[in-house]
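Accompanying notes for the structure given below.
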Amino acid sequence: LTIVNPQFASKNLSRTKHKQKMMLSDRAMGSVSRVINDVKSAPVLVLDLGPELLRRLGGEPSILTDAGYKRIMELCSAHQRAYVVELHTSMERYKREGCLYVWLYSVKGDYAITYKL
């Protein structure tokens, strides 16, 4: 764990005490471990889509919103739309079940991303 402090901070702010550093690291590790456990137990959705579309999914608004869903449908080709519809349905189901994340794995590019629901 590395605590990042900007170089231009005043001397008093950049000199954190050992106790403060330990408190920050404990808080950070607790938060990160919760996210890691959520991601580790996330379901994996295997797709026959290229990694380019998966990258776009990560950069666009959520596919679970109407605007994000329409945007993704505009970006994909005609033969990919059926996959996107099924993906949308599966992601909605996992969100209703209480999952916070899903893994999206592309068979074509051997590429995986985590997607926050």
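Each chain in the structure tokens gets a letter, A, B and so on, in the order shown; residues start at 1 in every chain, and ligands are counted from 1 in the order they appear.
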For region 9-81 of chain A against region 91-98 of chain A, with a cut-off of 10 Å and counting only C-alpha atoms, what is the closest atom pair and its distance in Å to one decimal for every residue that makes the cut, ordered by chain and number, as a tab-separated table?
residue	atom	partner	partner_atom	distance
A:Ala42	CA	A:Tyr94	CA	9.4
A:Pro43	CA	A:Tyr94	CA	8.3
A:Leu45	CA	A:Met91	CA	8.9
A:Ile63	CA	A:Met91	CA	8.6
A:Leu64	CA	A:Glu92	CA	6.8
Close residues, region 102-116 of chain A itself excluded, 10 Å, only C-alpha atoms, min 2 positions apart in chain, as a ChimeraX atom specification: /A:38-55,57-58,62-63,87,90-91,94-95,99-100
Would you write out those residues with C-alpha atoms, as a short mmCIF file (atom, residue, chain, number, x, y, z; two decimals), in the first residue's frame?
data_model
loop_
_atom_site.label_atom_id
_atom_site.label_comp_id
_atom_site.auth_asym_id
_atom_site.auth_seq_id
_atom_site.Cartn_x
_atom_site.Cartn_y
_atom_site.Cartn_z
CA ASP A 38 -17.43 -8.42 -4.39
CA VAL A 39 -15.48 -8.71 -7.65
CA LYS A 40 -14.04 -12.13 -6.77
CA SER A 41 -17.51 -13.60 -6.22
CA ALA A 42 -19.03 -11.89 -9.28
CA PRO A 43 -20.63 -14.02 -12.00
CA VAL A 44 -18.85 -14.35 -15.34
CA LEU A 45 -20.72 -13.62 -18.56
CA VAL A 46 -19.00 -15.19 -21.57
CA LEU A 47 -19.61 -13.31 -24.80
CA ASP A 48 -18.81 -13.93 -28.43
CA LEU A 49 -18.08 -10.24 -28.94
CA GLY A 50 -14.80 -8.54 -29.72
CA PRO A 51 -12.75 -6.85 -27.00
CA GLU A 52 -13.37 -3.47 -28.65
CA LEU A 53 -17.05 -3.60 -27.69
CA LEU A 54 -16.18 -4.62 -24.14
CA ARG A 55 -13.85 -1.65 -23.86
CA LEU A 57 -19.02 -0.88 -22.56
CA GLY A 58 -16.61 0.14 -19.82
CA SER A 62 -24.27 2.07 -17.85
CA ILE A 63 -26.00 -0.36 -20.18
CA LEU A 87 -26.32 -9.17 -22.11
CA SER A 90 -28.63 -11.02 -17.90
CA MET A 91 -27.17 -7.95 -16.24
CA TYR A 94 -27.97 -10.22 -11.71
CA LYS A 95 -28.64 -6.70 -10.44
CA CYS A 99 -24.80 -8.63 -7.46
CA LEU A 100 -22.66 -5.51 -7.51
#
Please give the complete set of residues from region 78-109 of chain A that DSSP, run on the backbone, assigns to helix (DSSP H, G or I), formatted as a PyMOL selection string. chain A and resi 78-96
Among listed residues A:Arg81, A:His88, A:Lys21, A:Arg34, nearest Gly68 (chain A) (using only C-alpha atoms):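 Looking only at the distances to Gly68 (chain A), the closest residue turns out to be A:His88.
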